[in-house]
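Working notes for the structure below.
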Amino acid sequence: MSAKAISELTGKEFLYKFIYTKAAVQNKFKNATVGPETDWGLLVQQHPWLQTERLVVKPDQLIKRRGKLGLIGVNLNLAEVKEWLKPRMGQETMVGRAKGNLKNFLIEPFVPHKQEDEFYVCIYAAREGDFVLFHHEGGVDVGDVDSKACKLLVEVDGKLSEQDVCDHLLLHVPANRKSILASFIIGLFRLFEDLFFTYLEINPLVVTDAGVFVLDMAAKIDSTADYICKGKWGDVDFPPPFGREAYPEEAYIADLDAKSGASLKLTILNPKGRIWTMVAGGGASVVYSDTICDLGGVNELANYGEYSGAPSEQQTYDYAKTILSLMTRQQHPEGKILIIGGSIANFTNVAATFKGIVRAINDYQTPLQNHNVSIFVRRGGPNYQEGLRVMGEVGKTTGIPIYVFGTETHMTAIVGMALGQRSIPDQPPMAAHTANFLLNASGSPSTPATSRTASFSESKPEDACRTSMPMKCNVPCEGKTKQEKKRGKATTLFSRHTKSIIWGMQTRAVQGMLDFDYVCSRDEPSISAMVYPFTGDHKQKFYWGHKEILIPVYKNMADALKKHPEVDVLINFASLRSAYDSTVETMSFPQIRTIAIIAEGIPEALTRRLIKMADEGGVTIIGPATVGGIKPGCYKIGNTGGMLDNILASKLYRPGSVAYVSRSGGMSNELNNIITRTTDGVYEGVAIGGDRYPGSTFMDHVLRYQDTPGVKMIVVLGEIGGCEEYKICTGIKEGQITKPVVIWCIGTCATMFASEVQFGHAGACANENSETAVAKNQALSEVGAIVPKNFDELGEVIKAVYDDLVVKGVIVPAQEVPPPTVPMDYSWARELGLIRKPASFMTSICDERGQELIYAGMPITEIFKEDMGLGGVLGLLWFQRRLPKPACHFIEMCLMVTADHGPAVSGAHNAIVCARAGKDLISSLTSGLLTIGDRFGGALDAAAKQFSKAFDSSLIAMDFVNKMKKEGKLIMGIGHRVKSINNPDMRVEILKDFVKQHFPATPLLDYALEVEKITTSKKPNLILNVDGFIGVAMVDLLRNCGAFTREEADEYVEIGALNGIFVLGRSMGFIGHYLDQKRLKQGLYRHPWDDISYVLPEHMTM
């Protein structure tokens, strides 16, 4: 949703903070909010004026016409306000058909004034600009302001002057009020633009000799502009419509949505309802709600929502468990229904999302059984067969009735099944496997005889030439600019020779386009280059059929277009934050005639600017918030049409006779399926996008189809919100559209809901009756458009019109031509489980692929929850198991005592010299680590091995010492340059005390101490040093702590795990020395000559 209503308090705070006007705005910030838990004493302290002024009190819950409803208390003192609130606070109230509780009230100063001091002002955004309405009579009895008020259109990027305001709006205002009102309206308009309002109404606006008073205000802002306006808006609270409570689950899903690149929406309509939905896709979610209401389920419909945009398995799990939790809280005597529906996905991996849903079903198995829940599933798209399989399996294993259907079943047929109005097939026909790229997967063994038109196998004049044909402009544009357009827009947007540039590193979409080109038997790829500003110029590898090709990638658009003058289409995958700038830059190059903007969430004000620039430059924009469009046999935009199996199943590799236009991307793929099953296929299809102001409109494309000879009939899937469908009515009435038009506007359920519901698309919200789907469908039917009774009948109506055209000879069947085969990508074949390949790497200690990092099977949150510490983490990552607490603590002590031993040792010395040579931290650390070996620090492993071998061989300590002496070998871990038996190493003493106190047994340590007695009797500094102590103590730990077998303990010693203790600990010291040298600003080190003994060969000194 884009335009969201804000509370009156929020709107007034914005106005008081940011309006710039010469008019004296009074009572700034004099407003206090009151709820059921309000502390009146504290409220009075914060707002002392409450005790000194006469007051007005009213609910602030998005309630219209509060004065007419008697919901405003006027000219009261504080005590009277409290009395006025007593019977109303928490009271259940009917406002229209919505029933809700009054719980948020606003108190403001009462403004004494005369009736003639009241005015009405409103600003609202439209496609062509911002309309400013003004009426010289304001207040509760203003009536139909649309017909009464003076109206002024400020075109996109236009300026509003005081003279314009006076000349067009203030015609009936007293002369002494004109200047102040003009200044205020100018300031209000600038505020409207700067803070991205979409609607702002003040009624009444009171003007007296004291100044301007904003009494009642209603406003909406464009929530997608948050990244622009965050500094001014702060954290905006968007209240729900009156009559619908704000549920914590809705806030939870909204938070998931904000943190995800996918789209996750949830609105709870009736928590006690019997029918719950979990629908993929913004358009599909509306269609399912329509069908449920149409079949009589409006009073039992519990929720509206959608998940789309390729959510991860974890995100889908979180969404699904929220739905299941809500629907299993209250019993229903008839049991409950869950509809898991969706259209045919373009790029979402259906199996991955269904795995998340299956996890949730398994978690809620018992509550679902207790509440007698039946689940109906219908889905299509990438890997949908695997998704349906796992969904069917969970039904068998849990005993929950789950009915599963794919693309062979009409999208909304499961609603009739769920509500008992349609029989449930025993064994629904199975569609071909997703992997079946080479076979006809349409669900029928062959193409129907009447499924083609002869003319489509021949080349078209419009396809044979890349030059686009200018489109006739038959329909007058509202709010048309005075400036003449520089060039007309094209009738033919795409041909078999169309070349495009992709903005963004969207390799999957690019490969999909190339596969489509290949299966359409294009001579060359439709993609000339890619633009990605975050890397240097390079080439990216892709497949063209069986062979590999290179596509150039440029850092900037100018270079790409200069080197590829044949390009006339841009597909813009830029994010919502950069899509505007990248599109503006591209439109400065006249060779570009068509731009598809994929991003969702571009602020409406920016979109309108793009539309204006495109109109002036003769550029057709598809989007924003779209999957794109497709012209079978010629060209497809990005992920449109889904994967190759769906392209083949819907016969999108060659043109048919039917052209369609839709808002929804997912529903456009569903239209591909419906049209292919009922006609000879699609000639062209465009999803214009779900935003309130799509770059091109329904009428733009319908007129193109009217002027295209290959199109014999037109299908339009309209939507609640906006008035674009009425232009089609006008076109039919005036004879501009003569081809059959089958049209259905989705969103008919909206008129059945008691409170306003914002559907998945930003533009899917009716602001007046004419914008409802019901009104549009009726108007279209009245002018001769072919309108089905509901979406369920859409396919039947399309088939009836098509068959009639075949009978009349308008469409002539033609021979089906099989497409060339395209090999499947390795990654997708592996996803489907068709192939297996040995992994290049194996790991058993860590898994970062899920929602949460896992160490040796333990989630990171659990590690922190149990306070395992560094020793515990080391146990998981090094030894793949949880170690006992004393073992973890001992490891941490070892890291502490080995962290550093001064700057003189070789490792620290190397790190210091490297740091002083200007090298970076990693280089300096590595320089120090490279010195670790048997002579420095690496004695842990060697000591452990020597002592273990002697002990395990039953050599007594004296025999071991004598044996090593006889072999001329040093005993690793024995000896120290400074410390001795008389000057013990306190590090060893600390560790020894801990080990003796906490280890279950220390046989090897005891043996090493016996050896120490013998060696120190010969020389006092031949002590068991810290390396040797840690080595033998770690062997005792591994062998005796109970976490390892003897074989495992010996293996860890053998593979060098113990040296890791020293390496890890001493790395802390080396880093410390590096930082110390940098902090001390030490220069390049040069060893002094007097510390070097120069010993040259004698003959060199003679």
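Labels for the structure tokens follow display order: chains A, B, ..., residues from 1 in each chain, ligands from 1.
Excluding Glu53 of chain A and any residue on its chain fewer than 3 positions from it, the residues at most 10 Å away by only C-alpha atoms are Pro48, Trp49, Leu50, Val56, Asn75, Leu76, Asn77, Leu78, Glu108, Pro109, Phe110 and Val111 of chain A.
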Same residues, all heavy atoms, saved as a JSON list (two decimals), in the first residue's frame:
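Result file is part.json:
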```
[["chain", "number", "residue", "atom", "x", "y", "z"],
["A", 48, "PRO", "N", -0.85, 22.79, 30.16],
["A", 48, "PRO", "CA", -1.52, 23.67, 31.14],
["A", 48, "PRO", "C", -2.71, 24.41, 30.56],
["A", 48, "PRO", "O", -3.63, 24.78, 31.30],
["A", 48, "PRO", "CB", -0.41, 24.64, 31.55],
["A", 48, "PRO", "CG", 0.86, 24.05, 31.08],
["A", 48, "PRO", "CD", 0.56, 23.11, 29.99],
["A", 49, "TRP", "N", -2.70, 24.65, 29.25],
["A", 49, "TRP", "CA", -3.79, 25.39, 28.62],
["A", 49, "TRP", "C", -5.13, 24.67, 28.74],
["A", 49, "TRP", "O", -6.19, 25.28, 28.56],
["A", 49, "TRP", "CB", -3.49, 25.67, 27.13],
["A", 49, "TRP", "CG", -3.09, 24.45, 26.35],
["A", 49, "TRP", "CD1", -1.83, 23.97, 26.15],
["A", 49, "TRP", "CD2", -3.97, 23.55, 25.66],
["A", 49, "TRP", "NE1", -1.87, 22.82, 25.39],
["A", 49, "TRP", "CE2", -3.17, 22.55, 25.06],
["A", 49, "TRP", "CE3", -5.36, 23.49, 25.50],
["A", 49, "TRP", "CZ2", -3.70, 21.51, 24.32],
["A", 49, "TRP", "CZ3", -5.90, 22.45, 24.75],
["A", 49, "TRP", "CH2", -5.07, 21.47, 24.16],
["A", 50, "LEU", "N", -5.10, 23.39, 29.06],
["A", 50, "LEU", "CA", -6.36, 22.65, 29.23],
["A", 50, "LEU", "C", -7.23, 23.23, 30.35],
["A", 50, "LEU", "O", -8.46, 23.14, 30.31],
["A", 50, "LEU", "CB", -6.06, 21.17, 29.53],
["A", 50, "LEU", "CG", -5.51, 20.33, 28.37],
["A", 50, "LEU", "CD1", -5.07, 18.96, 28.88],
["A", 50, "LEU", "CD2", -6.55, 20.18, 27.27],
["A", 56, "VAL", "N", -12.45, 21.86, 22.65],
["A", 56, "VAL", "CA", -13.17, 20.99, 21.71],
["A", 56, "VAL", "C", -12.60, 19.59, 21.88],
["A", 56, "VAL", "O", -11.39, 19.40, 21.98],
["A", 56, "VAL", "CB", -12.99, 21.45, 20.26],
["A", 56, "VAL", "CG1", -13.58, 20.42, 19.29],
["A", 56, "VAL", "CG2", -13.63, 22.81, 20.04],
["A", 75, "ASN", "N", -16.91, 23.85, 22.88],
["A", 75, "ASN", "CA", -17.00, 24.96, 23.85],
["A", 75, "ASN", "C", -17.21, 24.43, 25.27],
["A", 75, "ASN", "O", -18.14, 24.83, 25.97],
["A", 75, "ASN", "CB", -18.11, 25.92, 23.45],
["A", 75, "ASN", "CG", -18.00, 27.25, 24.19],
["A", 75, "ASN", "OD1", -16.95, 27.56, 24.79],
["A", 75, "ASN", "ND2", -19.05, 28.05, 24.15],
["A", 76, "LEU", "N", -16.31, 23.51, 25.68],
["A", 76, "LEU", "CA", -16.41, 22.90, 27.01],
["A", 76, "LEU", "C", -15.19, 23.28, 27.85],
["A", 76, "LEU", "O", -14.12, 23.57, 27.32],
["A", 76, "LEU", "CB", -16.46, 21.36, 26.88],
["A", 76, "LEU", "CG", -17.48, 20.76, 25.91],
["A", 76, "LEU", "CD1", -17.29, 19.25, 25.83],
["A", 76, "LEU", "CD2", -18.90, 21.08, 26.36],
["A", 77, "ASN", "N", -15.38, 23.26, 29.18],
["A", 77, "ASN", "CA", -14.20, 23.36, 30.03],
["A", 77, "ASN", "C", -13.69, 21.94, 30.30],
["A", 77, "ASN", "O", -14.28, 20.95, 29.85],
["A", 77, "ASN", "CB", -14.49, 24.12, 31.31],
["A", 77, "ASN", "CG", -15.57, 23.45, 32.15],
["A", 77, "ASN", "OD1", -15.72, 22.23, 32.14],
["A", 77, "ASN", "ND2", -16.34, 24.24, 32.89],
["A", 78, "LEU", "N", -12.59, 21.82, 31.03],
["A", 78, "LEU", "CA", -11.96, 20.52, 31.22],
["A", 78, "LEU", "C", -12.89, 19.54, 31.93],
["A", 78, "LEU", "O", -12.97, 18.36, 31.55],
["A", 78, "LEU", "CB", -10.64, 20.66, 32.00],
["A", 78, "LEU", "CG", -9.82, 19.38, 32.16],
["A", 78, "LEU", "CD1", -9.45, 18.79, 30.81],
["A", 78, "LEU", "CD2", -8.55, 19.64, 32.97],
["A", 108, "GLU", "N", -8.57, 20.04, 21.77],
["A", 108, "GLU", "CA", -7.93, 21.24, 21.23],
["A", 108, "GLU", "C", -8.66, 22.49, 21.76],
["A", 108, "GLU", "O", -9.79, 22.37, 22.25],
["A", 108, "GLU", "CB", -8.00, 21.23, 19.69],
["A", 108, "GLU", "CG", -7.25, 20.09, 19.05],
["A", 108, "GLU", "CD", -7.43, 20.07, 17.54],
["A", 108, "GLU", "OE1", -8.57, 20.24, 17.06],
["A", 108, "GLU", "OE2", -6.44, 19.88, 16.85],
["A", 109, "PRO", "N", -8.04, 23.65, 21.65],
["A", 109, "PRO", "CA", -8.73, 24.88, 22.08],
["A", 109, "PRO", "C", -9.94, 25.16, 21.19],
["A", 109, "PRO", "O", -9.91, 24.93, 19.98],
["A", 109, "PRO", "CB", -7.67, 25.96, 21.91],
["A", 109, "PRO", "CG", -6.37, 25.24, 21.92],
["A", 109, "PRO", "CD", -6.63, 23.92, 21.28],
["A", 110, "PHE", "N", -11.00, 25.63, 21.81],
["A", 110, "PHE", "CA", -12.18, 26.07, 21.06],
["A", 110, "PHE", "C", -11.88, 27.44, 20.46],
["A", 110, "PHE", "O", -11.31, 28.32, 21.10],
["A", 110, "PHE", "CB", -13.38, 26.15, 22.00],
["A", 110, "PHE", "CG", -14.58, 26.81, 21.39],
["A", 110, "PHE", "CD1", -15.28, 26.20, 20.37],
["A", 110, "PHE", "CD2", -15.01, 28.07, 21.84],
["A", 110, "PHE", "CE1", -16.39, 26.82, 19.79],
["A", 110, "PHE", "CE2", -16.11, 28.69, 21.27],
["A", 110, "PHE", "CZ", -16.80, 28.05, 20.24],
["A", 111, "VAL", "N", -12.26, 27.60, 19.17],
["A", 111, "VAL", "CA", -12.00, 28.86, 18.47],
["A", 111, "VAL", "C", -13.35, 29.56, 18.21],
["A", 111, "VAL", "O", -14.12, 29.13, 17.33],
["A", 111, "VAL", "CB", -11.27, 28.61, 17.14],
["A", 111, "VAL", "CG1", -11.01, 29.92, 16.42],
["A", 111, "VAL", "CG2", -9.97, 27.84, 17.37]]
```
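Look at segment 777-780 of chain A: the protein and nucleic acid residues within 7 Å of it, using only C-alpha atoms and passing over chain neighbours fewer than 4 places away, are Cys729, Trp744, Cys745, Ala773, Gly784, Ala785 and Val787 of chain A.
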Report task. For each of A:Pro788, A:Gly129, A:Val358, A:Tyr364, take the minimum atom-to-atom distance to Ile611 of chain A, counting only C-alpha atoms, then give the residue where this is smallest. Result -> A:Gly129
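Going from atom CA of Glu1047 of chain A over to atom CA of Ala1033 of chain A, you cover 17.2 Å.
Nearest residue to Tyr304 of chain A among A:Thr33, A:Thr322, A:Thr267, A:Ser495 is A:Thr267, counting only C-alpha atoms.
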Requested in this report: Please identify all polymer residues within 12 Å of Asn673 of chain A, counting only C-alpha atoms, omitting same-chain residues fewer than 6 positions from it, and present them as a ChimeraX atom specification.
Outcome: /A:343-345,380-381,406-411,441-443,641-642,646-652,666-667,679-682,685,794-795
Report task. Fewer than 6 positions away in the same chain doesn't count, so skip those; otherwise give me all residues within 12 Å of Pro36 of chain A, counting only C-alpha atoms, as a PyMOL selection string. Result -> chain A and resi 82+85-91+101-105
Report task. Just the helix (DSSP H, G or I) stuff from segment 224-263 of chain A, please, per backbone DSSP, written as a PyMOL selection string. Result -> chain A and resi 224-233+248-258
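For Gln331 of chain A, the list of residues within 10 Å, based on only C-alpha atoms and with local chain neighbours fewer than 4 positions off taken out, reads Lys272, Gly273, Arg274, Met327, Gly335, Lys336, Asn370, His371 and Asn372 of chain A.
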Filtering to C-alpha atoms, could you give me those residues as an mmCIF file, in the first residue's frame?
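The resulting file, result11.cif, is shown below:
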```
data_model
loop_
_atom_site.group_PDB
_atom_site.id
_atom_site.type_symbol
_atom_site.label_atom_id
_atom_site.label_comp_id
_atom_site.auth_asym_id
_atom_site.auth_seq_id
_atom_site.Cartn_x
_atom_site.Cartn_y
_atom_site.Cartn_z
ATOM 1 C CA LYS A 272 -13.791 -15.637 14.571
ATOM 2 C CA GLY A 273 -14.247 -16.345 10.871
ATOM 3 C CA ARG A 274 -14.304 -19.821 9.404
ATOM 4 C CA MET A 327 -7.173 -19.661 13.028
ATOM 5 C CA GLY A 335 -14.821 -26.599 11.288
ATOM 6 C CA LYS A 336 -12.494 -24.259 9.438
ATOM 7 C CA ASN A 370 -8.726 -30.228 16.974
ATOM 8 C CA HIS A 371 -10.312 -27.374 15.001
ATOM 9 C CA ASN A 372 -11.355 -29.686 12.153
#
```
Query - Who sits within 10 Å of Asn1040 of chain A, only C-alpha atoms, same chain under 5 positions skipped, as a ChimeraX atom specification - result: /A:999-1003,1034-1035,1045-1046,1049
Return as a Markdown table the residues of segment 255-312 of chain A lying at most 10 Å from segment 713-722 of chain A, together with the closest atom-to-atom pair for each and the distance in Å to one decimal, counting only C-alpha atoms, with rows in chain order and ascending residue number.
```
| residue | atom | partner | partner_atom | distance |
| --- | --- | --- | --- | --- |
| A:Gly283 | CA | A:Glu719 | CA | 8.5 |
| A:Val286 | CA | A:Glu719 | CA | 9.0 |
| A:Val287 | CA | A:Glu719 | CA | 9.8 |
```
Query raised in the report: Got a sec: who's within 12 Å of Lys992 of chain A, counting only C-alpha atoms, leaving out chain neighbours fewer than 3 positions off, as an MDAnalysis selection string?
Result: chainID A and resid 890 893:894 984:989 995:999 1002 1005:1006 1008:1009 1024:1026 1028:1030 1032:1034
